[in-house]
file target39.cif (mmCIF, C-alpha atoms)
data_start
#
loop_
_atom_site.label_atom_id
_atom_site.label_comp_id
_atom_site.auth_asym_id
_atom_site.auth_seq_id
_atom_site.Cartn_x
_atom_site.Cartn_y
_atom_site.Cartn_z
CA MET A 1436 21.31 -3.06 24.01
CA ASN A 1437 21.03 -4.26 20.41
CA ILE A 1438 17.80 -3.18 18.70
CA LEU A 1439 16.07 -4.35 15.51
CA ILE A 1440 13.52 -2.20 13.64
CA LEU A 1441 11.24 -3.93 11.12
CA GLY A 1442 10.31 -2.01 7.98
CA SER A 1443 11.72 -0.06 5.06
CA GLY A 1444 9.96 3.30 4.85
CA GLY A 1445 10.15 6.86 6.09
CA ARG A 1446 8.57 5.79 9.38
CA GLU A 1447 11.36 3.29 10.02
CA HIS A 1448 14.11 5.76 9.04
CA THR A 1449 12.61 8.19 11.57
CA PHE A 1450 12.58 5.49 14.27
CA ALA A 1451 16.20 4.69 13.44
CA TYR A 1452 17.09 8.41 13.64
CA LYS A 1453 15.57 8.71 17.14
CA ILE A 1454 16.77 5.36 18.50
CA SER A 1455 20.35 5.91 17.26
CA GLN A 1456 20.52 9.02 19.47
CA SER A 1457 19.97 6.97 22.63
CA GLU A 1458 22.94 6.05 24.81
CA LYS A 1459 21.08 2.82 25.55
CA CYS A 1460 21.37 1.70 21.92
CA ASP A 1461 24.50 -0.28 21.15
CA LYS A 1462 23.95 -1.86 17.75
CA LEU A 1463 20.98 -0.83 15.59
CA PHE A 1464 19.63 -3.00 12.76
CA VAL A 1465 16.82 -2.34 10.28
CA ALA A 1466 15.16 -5.11 8.26
CA PRO A 1467 15.06 -4.57 5.35
CA GLY A 1468 15.70 -0.81 5.64
CA ASN A 1469 16.56 1.66 2.86
CA ALA A 1470 19.41 3.90 1.71
CA GLY A 1471 18.71 6.33 4.57
CA THR A 1472 18.71 3.77 7.37
CA ALA A 1473 21.97 2.34 5.96
CA LYS A 1474 23.71 5.59 6.98
CA ILE A 1475 22.84 5.25 10.70
CA ALA A 1476 22.19 1.52 11.18
CA THR A 1477 22.95 -1.87 9.64
CA ASN A 1478 20.40 -2.96 7.04
CA VAL A 1479 19.48 -6.64 7.08
CA SER A 1480 17.92 -8.32 4.07
CA ILE A 1481 14.98 -10.00 5.82
CA LYS A 1482 11.28 -9.70 4.98
CA VAL A 1483 9.16 -8.23 7.79
CA THR A 1484 6.88 -11.31 7.77
CA ASP A 1485 9.63 -13.96 7.68
CA PHE A 1486 9.37 -14.76 11.39
CA ASP A 1487 11.83 -17.67 11.32
CA ALA A 1488 14.54 -15.59 9.67
CA ILE A 1489 13.85 -12.78 12.16
CA LYS A 1490 14.20 -15.26 15.04
CA ASP A 1491 17.54 -16.56 13.72
CA PHE A 1492 18.87 -13.03 13.36
CA VAL A 1493 17.66 -11.92 16.82
CA LEU A 1494 19.39 -14.88 18.47
CA ARG A 1495 22.58 -14.56 16.43
CA GLU A 1496 22.98 -10.83 17.10
CA ASN A 1497 21.70 -10.89 20.68
CA VAL A 1498 18.89 -8.43 19.89
CA GLU A 1499 17.03 -7.36 23.06
CA MET A 1500 14.37 -5.07 21.59
CA LEU A 1501 12.21 -5.39 18.47
CA VAL A 1502 10.40 -2.29 17.17
CA VAL A 1503 7.73 -3.23 14.63
CA GLY A 1504 7.10 -0.49 12.04
CA PRO A 1505 4.41 -1.76 9.61
CA GLU A 1506 1.07 -3.45 10.28
CA ASP A 1507 1.53 -6.74 8.38
CA PRO A 1508 3.79 -8.53 10.88
CA LEU A 1509 1.58 -7.36 13.77
CA VAL A 1510 -1.62 -8.60 12.12
CA GLN A 1511 0.17 -11.88 11.35
CA GLY A 1512 1.11 -12.26 15.03
CA ILE A 1513 4.81 -11.49 15.41
CA THR A 1514 4.35 -10.41 19.04
CA ASP A 1515 2.69 -13.75 19.92
CA PHE A 1516 5.45 -15.56 18.00
CA PHE A 1517 8.06 -13.96 20.27
CA LYS A 1518 6.08 -14.36 23.50
CA GLN A 1519 5.42 -18.08 22.88
CA ASP A 1520 9.03 -18.94 22.01
CA GLU A 1521 11.27 -19.93 24.93
CA GLU A 1522 14.35 -18.39 23.26
CA LEU A 1523 12.61 -15.12 22.33
CA LYS A 1524 10.17 -14.45 25.15
CA ASN A 1525 12.50 -12.02 26.97
CA VAL A 1526 12.95 -9.78 23.91
CA ALA A 1527 11.03 -6.51 24.37
CA VAL A 1528 8.58 -6.25 21.44
CA ILE A 1529 7.03 -2.86 20.72
CA GLY A 1530 3.77 -3.77 19.03
CA PRO A 1531 0.47 -5.39 20.10
CA SER A 1532 -0.53 -9.06 20.04
CA LYS A 1533 -2.45 -10.55 17.11
CA ARG A 1534 -5.75 -9.96 18.94
CA GLY A 1535 -4.80 -6.33 19.53
CA ALA A 1536 -3.75 -5.91 15.90
CA LEU A 1537 -7.26 -6.91 14.75
CA LEU A 1538 -8.27 -3.29 15.43
CA GLU A 1539 -6.45 -2.52 12.19
CA GLY A 1540 -6.60 -5.96 10.58
CA SER A 1541 -10.41 -5.89 10.46
CA LYS A 1542 -12.52 -2.76 9.93
CA GLU A 1543 -15.55 -4.77 11.07
CA ARG A 1544 -13.85 -5.74 14.34
CA ALA A 1545 -12.84 -2.09 14.93
CA LYS A 1546 -16.45 -0.95 14.44
CA GLU A 1547 -17.76 -3.63 16.81
CA PHE A 1548 -15.14 -2.61 19.42
CA MET A 1549 -16.21 1.05 19.16
CA ALA A 1550 -19.89 0.11 19.51
CA MET A 1551 -19.10 -2.05 22.56
CA TYR A 1552 -17.33 0.80 24.40
CA ASN A 1553 -19.52 3.70 23.19
CA ILE A 1554 -16.70 5.30 21.21
CA PRO A 1555 -18.12 7.87 18.75
CA THR A 1556 -17.88 6.77 15.09
CA ALA A 1557 -19.95 6.82 11.88
CA ALA A 1558 -22.99 4.52 11.61
CA TYR A 1559 -22.19 1.43 9.51
CA GLU A 1560 -23.13 -2.05 8.31
CA SER A 1561 -20.89 -4.76 6.87
CA PHE A 1562 -21.57 -7.06 3.91
CA LYS A 1563 -20.14 -10.18 2.25
CA LYS A 1564 -20.50 -11.59 -1.27
CA GLU A 1565 -23.68 -13.42 -0.22
CA SER A 1566 -25.28 -10.18 0.99
CA LEU A 1567 -24.27 -8.02 -2.01
CA GLU A 1568 -27.88 -7.12 -2.86
CA ALA A 1569 -28.56 -6.13 0.76
CA GLY A 1570 -25.47 -3.93 0.57
CA LYS A 1571 -26.82 -2.18 -2.53
CA GLN A 1572 -30.14 -1.62 -0.78
CA PHE A 1573 -28.32 -0.22 2.26
CA LEU A 1574 -26.52 2.25 -0.01
CA GLU A 1575 -29.94 3.51 -1.19
CA THR A 1576 -30.79 4.48 2.41
CA LEU A 1577 -27.70 6.74 2.72
CA LYS A 1578 -27.03 10.25 1.49
CA PRO A 1579 -23.94 10.76 -0.72
CA PRO A 1580 -21.00 10.62 -0.54
CA TYR A 1581 -20.84 6.85 0.03
CA VAL A 1582 -17.97 5.33 2.02
CA LEU A 1583 -16.87 1.76 1.20
CA LYS A 1584 -14.08 0.15 3.21
CA ALA A 1585 -12.38 -3.18 2.53
CA ASP A 1586 -12.41 -5.02 5.85
CA GLY A 1587 -8.80 -6.27 5.67
CA LEU A 1588 -5.40 -4.71 5.02
CA ALA A 1589 -5.15 -3.06 1.60
CA ALA A 1590 -1.99 -0.96 2.06
CA GLY A 1591 -4.00 2.17 2.88
CA LYS A 1592 -5.87 2.04 -0.44
CA GLY A 1593 -8.96 0.03 0.56
CA VAL A 1594 -11.27 2.99 1.21
CA LEU A 1595 -13.48 4.45 -1.54
CA ILE A 1596 -15.51 7.65 -1.17
CA LEU A 1597 -17.98 8.04 -4.03
CA ASN A 1598 -20.64 10.64 -4.85
CA ASP A 1599 -22.68 8.63 -7.36
CA LEU A 1600 -25.04 5.92 -6.09
CA GLU A 1601 -24.75 3.71 -9.18
CA GLU A 1602 -20.96 3.94 -9.10
CA ALA A 1603 -21.00 3.03 -5.40
CA LYS A 1604 -23.12 -0.06 -6.14
CA GLN A 1605 -20.77 -1.06 -8.96
CA GLU A 1606 -17.68 -0.63 -6.76
CA LEU A 1607 -19.33 -2.68 -3.99
CA GLU A 1608 -19.84 -5.43 -6.56
CA ASN A 1609 -16.23 -5.07 -7.76
CA MET A 1610 -15.01 -5.50 -4.19
CA LEU A 1611 -17.26 -8.38 -3.14
CA SER A 1612 -17.71 -10.32 -6.39
CA HIS A 1613 -14.66 -9.41 -8.50
CA ASP A 1614 -11.94 -9.34 -5.80
CA LYS A 1615 -10.92 -5.71 -6.41
CA PHE A 1616 -8.91 -5.77 -3.16
CA GLY A 1617 -8.46 -9.55 -3.07
CA GLU A 1618 -8.97 -11.25 0.28
CA ALA A 1619 -8.97 -7.86 2.06
CA GLY A 1620 -12.30 -7.03 0.39
CA ALA A 1621 -14.14 -10.29 1.18
CA THR A 1622 -16.08 -8.22 3.72
CA VAL A 1623 -16.93 -4.58 3.02
CA VAL A 1624 -17.96 -2.04 5.63
CA ILE A 1625 -20.32 0.66 4.33
CA GLU A 1626 -20.60 3.68 6.58
CA GLU A 1627 -22.20 7.09 6.68
CA PHE A 1628 -20.00 9.95 5.50
CA LEU A 1629 -18.89 12.35 8.21
CA ASP A 1630 -18.18 15.88 7.05
CA GLY A 1631 -15.38 17.65 8.90
CA ILE A 1632 -11.63 18.03 9.15
CA GLU A 1633 -9.36 15.08 9.90
CA LEU A 1634 -6.48 14.66 12.32
CA SER A 1635 -4.46 11.83 13.85
CA VAL A 1636 -3.87 11.19 17.54
CA PHE A 1637 -1.15 8.76 18.63
CA VAL A 1638 -1.16 6.91 21.91
CA LEU A 1639 1.61 4.74 23.35
CA THR A 1640 0.38 2.19 25.88
CA ASP A 1641 1.85 -0.58 28.04
CA GLY A 1642 -1.63 -2.14 28.30
CA GLU A 1643 -2.37 -0.38 31.58
CA ASN A 1644 -1.01 3.18 31.32
CA TYR A 1645 -0.79 5.40 28.26
CA LEU A 1646 0.90 8.52 26.93
CA THR A 1647 -0.68 10.78 24.32
CA LEU A 1648 1.91 11.80 21.73
CA PRO A 1649 1.81 15.00 19.64
CA THR A 1650 -1.14 15.33 17.23
CA ALA A 1651 -0.61 15.36 13.46
CA LYS A 1652 -2.57 15.90 10.30
CA ASP A 1653 -1.63 14.13 7.10
CA TYR A 1654 -2.68 14.70 3.51
CA LYS A 1655 -3.72 11.51 1.74
CA ARG A 1656 -4.82 12.59 -1.75
CA ILE A 1657 -2.30 12.85 -4.56
CA GLY A 1658 -3.70 16.13 -5.96
CA GLU A 1659 -3.74 19.63 -4.57
CA GLY A 1660 -6.91 20.70 -2.79
CA ASP A 1661 -7.29 17.06 -1.65
CA THR A 1662 -8.23 15.75 -5.08
CA GLY A 1663 -7.36 12.55 -6.95
CA LEU A 1664 -6.48 9.12 -5.65
CA ASN A 1665 -5.62 8.18 -2.08
CA THR A 1666 -1.92 7.61 -1.35
CA GLY A 1667 0.02 6.41 1.66
CA GLY A 1668 0.34 10.11 2.58
CA MET A 1669 1.80 13.19 0.86
CA GLY A 1670 2.90 15.14 3.91
CA ALA A 1671 2.01 16.00 7.51
CA ILE A 1672 1.85 18.81 10.05
CA SER A 1673 2.28 18.65 13.86
CA PRO A 1674 0.74 19.89 16.10
CA VAL A 1675 -2.73 20.33 14.60
CA PRO A 1676 -3.66 24.00 15.15
CA PHE A 1677 -7.36 23.36 15.87
CA ALA A 1678 -6.66 20.59 18.43
CA ASP A 1679 -6.85 22.95 21.41
CA PRO A 1680 -6.94 21.74 25.05
CA ALA A 1681 -10.76 21.62 25.17
CA PHE A 1682 -10.94 19.47 22.03
CA MET A 1683 -8.10 17.22 23.25
CA ASP A 1684 -9.97 16.77 26.52
CA LYS A 1685 -12.99 15.43 24.59
CA ILE A 1686 -10.71 13.07 22.64
CA GLU A 1687 -9.17 11.75 25.85
CA LYS A 1688 -12.46 11.24 27.72
CA ARG A 1689 -14.58 9.91 24.84
CA ILE A 1690 -12.00 8.00 22.79
CA ILE A 1691 -8.54 7.36 24.28
CA LYS A 1692 -9.63 6.26 27.79
CA PRO A 1693 -12.46 3.97 26.60
CA THR A 1694 -10.11 2.44 23.99
CA VAL A 1695 -7.40 1.56 26.52
CA GLU A 1696 -10.03 0.42 29.07
CA GLY A 1697 -11.68 -1.76 26.40
CA LEU A 1698 -8.38 -3.47 25.57
CA LYS A 1699 -7.83 -4.08 29.29
CA LYS A 1700 -11.35 -5.41 29.81
CA GLU A 1701 -10.86 -7.89 26.98
CA GLU A 1702 -7.46 -8.88 28.43
CA ILE A 1703 -5.73 -8.05 25.17
CA ASP A 1704 -1.92 -7.95 25.35
CA TYR A 1705 -1.20 -4.48 23.95
CA LYS A 1706 2.23 -2.90 24.31
CA GLY A 1707 2.71 -0.40 21.53
CA PHE A 1708 1.13 2.38 19.52
CA ILE A 1709 -2.54 3.08 18.92
CA PHE A 1710 -3.01 5.42 15.97
CA ILE A 1711 -6.49 6.95 16.09
CA GLY A 1712 -7.67 8.48 12.83
CA LEU A 1713 -10.23 11.13 13.81
CA ILE A 1714 -12.56 13.63 12.23
CA LYS A 1715 -13.77 16.82 13.88
CA VAL A 1716 -17.47 17.30 13.11
CA GLY A 1717 -18.60 20.62 14.55
CA ASP A 1718 -16.83 20.57 17.91
CA ASP A 1719 -16.92 16.83 18.40
CA PRO A 1720 -14.37 14.10 17.60
CA TYR A 1721 -15.36 10.85 15.85
CA VAL A 1722 -13.13 7.87 15.09
CA ILE A 1723 -12.65 7.05 11.40
CA GLU A 1724 -10.26 4.15 12.00
CA TYR A 1725 -7.71 2.58 14.29
CA ASN A 1726 -4.21 1.61 13.24
CA VAL A 1727 -1.97 -0.42 15.53
CA ARG A 1728 1.35 1.24 14.67
CA MET A 1729 2.64 4.72 13.91
CA GLY A 1730 1.43 6.42 10.74
CA ASP A 1731 3.58 7.38 7.79
CA PRO A 1732 4.29 10.29 7.13
CA GLU A 1733 2.99 11.37 10.56
CA THR A 1734 5.92 9.63 12.27
CA GLU A 1735 8.25 12.02 10.43
CA VAL A 1736 6.70 14.98 12.30
CA VAL A 1737 5.71 13.34 15.60
CA LEU A 1738 8.95 11.59 16.60
CA PRO A 1739 11.30 14.51 15.83
CA ARG A 1740 9.22 16.62 18.27
CA ILE A 1741 9.77 14.11 21.09
CA GLU A 1742 12.90 15.10 23.00
CA SER A 1743 12.82 12.20 25.50
CA ASP A 1744 15.07 9.16 25.01
CA LEU A 1745 12.88 6.84 22.92
CA VAL A 1746 14.65 3.66 24.02
CA GLU A 1747 14.04 4.53 27.69
CA VAL A 1748 10.36 5.13 26.89
CA PHE A 1749 10.13 1.77 25.07
CA GLU A 1750 11.74 0.02 28.05
CA LYS A 1751 8.96 1.43 30.24
CA VAL A 1752 6.35 0.19 27.75
CA SER A 1753 7.85 -3.29 27.90
CA SER A 1754 8.04 -3.38 31.70
CA GLY A 1755 4.54 -1.92 32.21
CA LYS A 1756 5.85 1.24 33.88
CA LEU A 1757 4.82 3.90 31.38
CA ASN A 1758 3.31 5.91 34.25
CA ASP A 1759 6.92 6.72 35.26
CA VAL A 1760 7.49 8.65 32.02
CA LYS A 1761 6.93 12.34 31.39
CA LEU A 1762 7.44 13.07 27.71
CA GLU A 1763 9.51 16.11 26.76
CA ILE A 1764 7.97 17.66 23.63
CA ASN A 1765 9.50 20.34 21.39
CA LYS A 1766 7.07 23.30 21.36
CA GLN A 1767 7.86 24.16 17.74
CA SER A 1768 5.78 23.00 14.80
CA ALA A 1769 7.11 20.32 12.46
CA THR A 1770 6.06 19.66 8.88
CA THR A 1771 7.06 17.03 6.37
CA VAL A 1772 6.68 17.12 2.59
CA MET A 1773 6.74 13.83 0.68
CA LEU A 1774 8.53 13.64 -2.67
CA VAL A 1775 6.98 10.91 -4.82
CA SER A 1776 7.64 9.14 -8.11
CA GLY A 1777 5.81 10.40 -11.21
CA GLY A 1778 2.65 8.32 -11.76
CA TYR A 1779 2.28 7.32 -8.08
CA PRO A 1780 -0.08 5.98 -6.64
CA GLU A 1781 -0.62 4.15 -9.93
CA ALA A 1782 2.18 2.76 -12.12
CA TYR A 1783 5.55 4.49 -11.71
CA GLU A 1784 9.17 3.86 -12.67
CA LYS A 1785 11.94 2.99 -10.21
CA GLY A 1786 15.71 3.32 -10.35
CA LYS A 1787 15.85 7.11 -10.88
CA GLU A 1788 18.97 8.72 -9.42
CA ILE A 1789 18.32 11.28 -6.65
CA THR A 1790 20.69 14.25 -6.47
CA GLY A 1791 21.06 17.43 -4.41
CA PHE A 1792 21.27 16.01 -0.87
CA GLU A 1793 24.37 18.09 -0.15
CA ASN A 1794 22.39 21.32 -0.83
CA VAL A 1795 19.71 20.70 1.82
CA GLU A 1796 20.05 22.98 4.85
CA GLY A 1797 18.11 23.14 8.12
CA SER A 1798 15.78 20.19 7.42
CA LEU A 1799 15.81 16.48 8.25
CA ILE A 1800 15.74 14.09 5.31
CA PHE A 1801 13.96 10.76 5.84
CA HIS A 1802 14.23 8.13 3.13
CA ALA A 1803 11.11 6.16 2.20
CA GLY A 1804 11.50 4.37 -1.13
CA THR A 1805 15.25 4.53 -1.79
CA SER A 1806 18.12 2.14 -2.41
CA GLU A 1807 21.84 2.56 -2.95
CA GLU A 1808 23.60 1.27 -6.06
CA ASN A 1809 27.32 1.86 -6.66
CA GLY A 1810 27.35 4.84 -4.32
CA LYS A 1811 24.29 6.45 -5.96
CA ILE A 1812 20.94 6.87 -4.20
CA LYS A 1813 18.04 5.76 -6.42
CA THR A 1814 14.26 5.63 -6.18
CA SER A 1815 12.78 2.25 -5.27
CA GLY A 1816 9.21 3.13 -4.31
CA GLY A 1817 6.27 5.44 -4.90
CA ARG A 1818 6.95 7.63 -1.89
CA VAL A 1819 10.65 8.43 -2.05
CA ILE A 1820 11.81 11.12 0.41
CA ALA A 1821 10.22 13.01 3.32
CA ILE A 1822 11.61 16.45 4.16
CA THR A 1823 10.92 17.46 7.77
CA SER A 1824 11.44 20.99 9.08
CA PHE A 1825 10.77 22.93 12.29
CA GLY A 1826 9.35 26.43 12.67
CA ASP A 1827 7.56 28.70 15.13
CA ASP A 1828 4.34 27.77 13.32
CA TYR A 1829 3.46 25.27 10.59
CA LYS A 1830 3.66 27.92 7.84
CA GLN A 1831 7.26 28.76 8.70
CA ALA A 1832 8.15 25.06 8.90
CA LEU A 1833 6.44 24.32 5.57
CA LYS A 1834 8.32 27.15 3.88
CA LYS A 1835 11.61 25.54 4.89
CA SER A 1836 10.52 22.07 3.72
CA TYR A 1837 9.44 23.48 0.35
CA GLN A 1838 12.69 25.43 -0.09
CA ASN A 1839 14.66 22.22 0.45
CA ALA A 1840 12.33 20.16 -1.74
CA GLU A 1841 13.38 22.37 -4.64
CA LYS A 1842 17.04 21.40 -4.03
CA LEU A 1843 16.45 17.68 -4.55
CA HIS A 1844 15.99 16.18 -8.00
CA PHE A 1845 14.98 12.93 -9.66
CA ASP A 1846 13.20 12.27 -12.93
CA LYS A 1847 9.42 12.97 -12.75
CA MET A 1848 9.63 13.99 -9.06
CA TYR A 1849 6.33 15.33 -7.69
CA PHE A 1850 5.15 16.83 -4.39
CA ARG A 1851 2.07 18.70 -3.22
CA LYS A 1852 2.63 22.43 -2.80
CA ASP A 1853 -0.56 23.17 -0.83
CA LEU A 1854 -0.13 21.34 2.49
CA GLY A 1855 -1.94 23.16 5.30
CA PHE A 1856 -4.35 24.79 2.81
CA ASP A 1857 -7.33 23.80 5.00
CA LEU A 1858 -5.89 25.13 8.29
CA SER A 1859 -5.74 28.88 7.78
#

call {"tool": "encode", "arguments": {"input": "target39.cif", "output": "structure tokens"}}
result
Amino acid sequence: MNILILGSGGREHTFAYKISQSEKCDKLFVAPGNAGTAKIATNVSIKVTDFDAIKDFVLRENVEMLVVGPEDPLVQGITDFFKQDEELKNVAVIGPSKRGALLEGSKERAKEFMAMYNIPTAAYESFKKESLEAGKQFLETLKPPYVLKADGLAAGKGVLILNDLEEAKQELENMLSHDKFGEAGATVVIEEFLDGIELSVFVLTDGENYLTLPTAKDYKRIGEGDTGLNTGGMGAISPVPFADPAFMDKIEKRIIKPTVEGLKKEEIDYKGFIFIGLIKVGDDPYVIEYNVRMGDPETEVVLPRIESDLVEVFEKVSSGKLNDVKLEINKQSATTVMLVSGGYPEAYEKGKEITGFENVEGSLIFHAGTSEENGKIKTSGGRVIAITSFGDDYKQALKKSYQNAEKLHFDKMYFRKDLGFDLS
């Protein structure tokens, strides 16, 4: 079949890498893609939220499966757009409906959903511009650090964790009254801070059945020792060493099952990924957030560990027969190290030539923010390249990723050298 992937990052390059290995994939397209996807698929210059252009392309190229990478098109209802269109309704779409995507599109909705189905999460309240003063008073009742979350999509940057009460009040005002995150911050969720270690659990569901994919842990902060500003992710490790069978059993019983059951109870059309951001407090898991797609850079360590044919798995998702699938998982550890542009996540320059690809050995290279000009690969984003490696444990895998990171070069290139520092 002909397959279209929406997106342009490392996640989408990883999807393209896995899907292109399937005998069931005839032609593979990525919209808009990057310099990495161009090597294994056909890039198409279409925006991920231009539904009409996507429709025209799907019909012209006889695309039978659509794999949605990022959250924006899901939150804007691309799945519903396909299902409600006579010409598109038979295309298999991997991604939830607009109602399902609200779990990521609204932090407030996610919190209400968790409360409804007794899913463990931090205590919270939400506030709007009109209730700014009440929000400041609520902050006074909490112990630091203070967690402020923009309700809507803010490209992974809408969460602030602050130690100073006055600063927290000022930032709440900036979000609600001064549009710090624009429309995304019109409602702000304030929640208690949970102290523990984070991990991500990924679930693939057909709305009835589900599969739990390998666990991963990503590193969000730009600076070593988890300092500095939040980014889209500086690297990831899979599996998570502390996620032993007993802990995973708690996650399944307390979080995964009630989540899937809740979606079913509310008759939400959900065929796709549920990304559950968790924190381990003592020996118990709590949900920090839901995302309705795969994470990035976690995809770069999770998908390479899956040895099953991904297209076959997606077919089962689409037909509601995921219970027929037994996933084959590589027992080795995988790690990915993200090379980023100097200055990221704030202002950074683009168009820097990347060299040294031919020197990389024994690792997978996934492009994130790259483009090709006159045969040269150049930087086009903040996160540029993810280097994924396998090993008998995460330390061995990381060593390989770091060795290969040193072989790639572009002006002002930066990467964190301390991934996994909190695991040993």

call {"tool": "closest_atom_pairs", "arguments": {"input": "target39.cif", "of": "range 1780-1819 of chain A", "to": "range 1837-1848 of chain A", "cutoff": "10 Å", "atoms": "all atoms listed in the file", "output": "tab-separated table"}}
result
residue	atom	partner	partner_atom	distance
A:Tyr1783	CA	A:Lys1847	CA	9.4
A:Glu1784	CA	A:Lys1847	CA	9.1
A:Lys1785	CA	A:Asp1846	CA	9.8
A:Gly1786	CA	A:Asp1846	CA	9.6
A:Lys1787	CA	A:Phe1845	CA	6.0
A:Glu1788	CA	A:Phe1845	CA	5.8
A:Ile1789	CA	A:Phe1845	CA	4.8
A:Thr1790	CA	A:His1844	CA	5.3
A:Gly1791	CA	A:Leu1843	CA	4.6
A:Phe1792	CA	A:Leu1843	CA	6.3
A:Glu1793	CA	A:Lys1842	CA	8.9
A:Asn1794	CA	A:Lys1842	CA	6.2
A:Val1795	CA	A:Asn1839	CA	5.4
A:Glu1796	CA	A:Asn1839	CA	7.0
A:Gly1797	CA	A:Asn1839	CA	8.5
A:Ser1798	CA	A:Asn1839	CA	7.3
A:Leu1799	CA	A:Asn1839	CA	9.8
A:Ile1800	CA	A:Asn1839	CA	9.5
A:Lys1813	CA	A:Phe1845	CA	8.4
A:Thr1814	CA	A:Phe1845	CA	8.1
A:Arg1818	CA	A:Met1848	CA	10.0
A:Val1819	CA	A:Met1848	CA	9.0

call {"tool": "resolve_selection", "arguments": {"input": "target39.cif", "expression": "the PyMOL selection byres ((chain A and resi 1593-1597) around 7)", "output": "VMD selection string"}}
result
chain A and resid 1580 to 1585 1589 1591 to 1592 1598 to 1599 1603 1616

call {"tool": "write_last_selection", "arguments": {"input": "target39.cif", "atoms": "C-alpha atoms", "output": "compact mmCIF listing (two decimals), in the coordinates of the input"}}
result
# COMPACT_ATOMS: atom_id res chain seq x y z
CA PRO A 1580 -21.00 10.62 -0.54
CA TYR A 1581 -20.84 6.85 0.03
CA VAL A 1582 -17.97 5.33 2.02
CA LEU A 1583 -16.87 1.76 1.20
CA LYS A 1584 -14.08 0.15 3.21
CA ALA A 1585 -12.38 -3.18 2.53
CA ALA A 1589 -5.15 -3.06 1.60
CA GLY A 1591 -4.00 2.17 2.88
CA LYS A 1592 -5.87 2.04 -0.44
CA ASN A 1598 -20.64 10.64 -4.85
CA ASP A 1599 -22.68 8.63 -7.36
CA ALA A 1603 -21.00 3.03 -5.40
CA PHE A 1616 -8.91 -5.77 -3.16

call {"tool": "residues_around", "arguments": {"input": "target39.cif", "residues": "Phe1710 in chain A", "least_positions_apart": "5", "cutoff": "9 Å", "atoms": "only C-alpha atoms", "output": "list of chain:residue names"}}
result
A:Ser1635, A:Val1636, A:Phe1637, A:Val1638, A:Leu1639, A:Glu1724, A:Tyr1725, A:Asn1726, A:Val1727, A:Arg1728, A:Met1729, A:Gly1730

call {"tool": "residues_around", "arguments": {"input": "target39.cif", "residues": "Lys1766 in chain A", "least_positions_apart": "3", "cutoff": "10 Å", "atoms": "all atoms listed in the file", "output": "list in words"}}
result
Pro1649, Pro1674, Arg1740, Ile1741, Glu1763, Ala1769, Phe1825, Gly1826, Asp1827 and Asp1828 of chain A

call {"tool": "atom_distance", "arguments": {"input": "target39.cif", "atom1": "CA of Glu1626 in chain A", "atom2": "CA of Ile1723 in chain A"}}
result
9.9 Å

call {"tool": "closest_residue", "arguments": {"input": "target39.cif", "among": "A:Glu1735, A:Asp1857, A:Glu1565, A:Glu1643", "to": "Thr1823 in chain A", "atoms": "all atoms listed in the file"}}
result
A:Glu1735

call {"tool": "resolve_selection", "arguments": {"input": "target39.cif", "expression": "the PyMOL selection byres ((chain A and resi 1475-1492) around 6)", "output": "ChimeraX atom specification"}}
result
/A:1441,1463-1468,1472-1474,1493-1496,1508

call {"tool": "write_last_selection", "arguments": {"input": "target39.cif", "atoms": "C-alpha atoms", "output": "compact mmCIF listing (two decimals), in the coordinates of the input"}}
result
# COMPACT_ATOMS: atom_id res chain seq x y z
CA LEU A 1441 11.24 -3.93 11.12
CA LEU A 1463 20.98 -0.83 15.59
CA PHE A 1464 19.63 -3.00 12.76
CA VAL A 1465 16.82 -2.34 10.28
CA ALA A 1466 15.16 -5.11 8.26
CA PRO A 1467 15.06 -4.57 5.35
CA GLY A 1468 15.70 -0.81 5.64
CA THR A 1472 18.71 3.77 7.37
CA ALA A 1473 21.97 2.34 5.96
CA LYS A 1474 23.71 5.59 6.98
CA VAL A 1493 17.66 -11.92 16.82
CA LEU A 1494 19.39 -14.88 18.47
CA ARG A 1495 22.58 -14.56 16.43
CA GLU A 1496 22.98 -10.83 17.10
CA PRO A 1508 3.79 -8.53 10.88

call {"tool": "atom_distance", "arguments": {"input": "target39.cif", "atom1": "CA of Val1716 in chain A", "atom2": "CA of Phe1548 in chain A"}}
result
21.0 Å

call {"tool": "closest_residue", "arguments": {"input": "target39.cif", "among": "A:Ser1836, A:Glu1547, A:Gln1511, A:Gly1855", "to": "Glu1633 in chain A", "atoms": "all atoms listed in the file"}}
result
A:Gly1855

call {"tool": "residues_around", "arguments": {"input": "target39.cif", "residues": "range 1680-1694 of chain A", "least_positions_apart": "4", "cutoff": "12 Å", "atoms": "all atoms listed in the file", "output": "PyMOL selection string"}}
result
chain A and resi 1535+1538+1545-1546+1548-1556+1634-1640+1642-1650+1674-1676+1698-1701+1703+1705+1708-1725

call {"tool": "closest_residue", "arguments": {"input": "target39.cif", "among": "A:Gly1697, A:Gly1471, A:Gly1668, A:Gly1570", "to": "Thr1734 in chain A", "atoms": "only C-alpha atoms"}}
result
A:Gly1668

call {"tool": "closest_residue", "arguments": {"input": "target39.cif", "among": "A:Asp1641, A:Asp1653, A:Glu1522, A:Glu1750", "to": "Pro1732 in chain A", "atoms": "all atoms listed in the file"}}
result
A:Asp1653

call {"tool": "closest_residue", "arguments": {"input": "target39.cif", "among": "A:Ala1678, A:Met1610, A:Ala1803, A:Val1623", "to": "Ala1651 in chain A", "atoms": "all atoms listed in the file"}}
result
A:Ala1678

call {"tool": "resolve_selection", "arguments": {"input": "target39.cif", "expression": "the PyMOL selection byres ((chain A and resi 1504) around 6)", "output": "ChimeraX atom specification"}}
result
/A:1441-1442,1503,1505
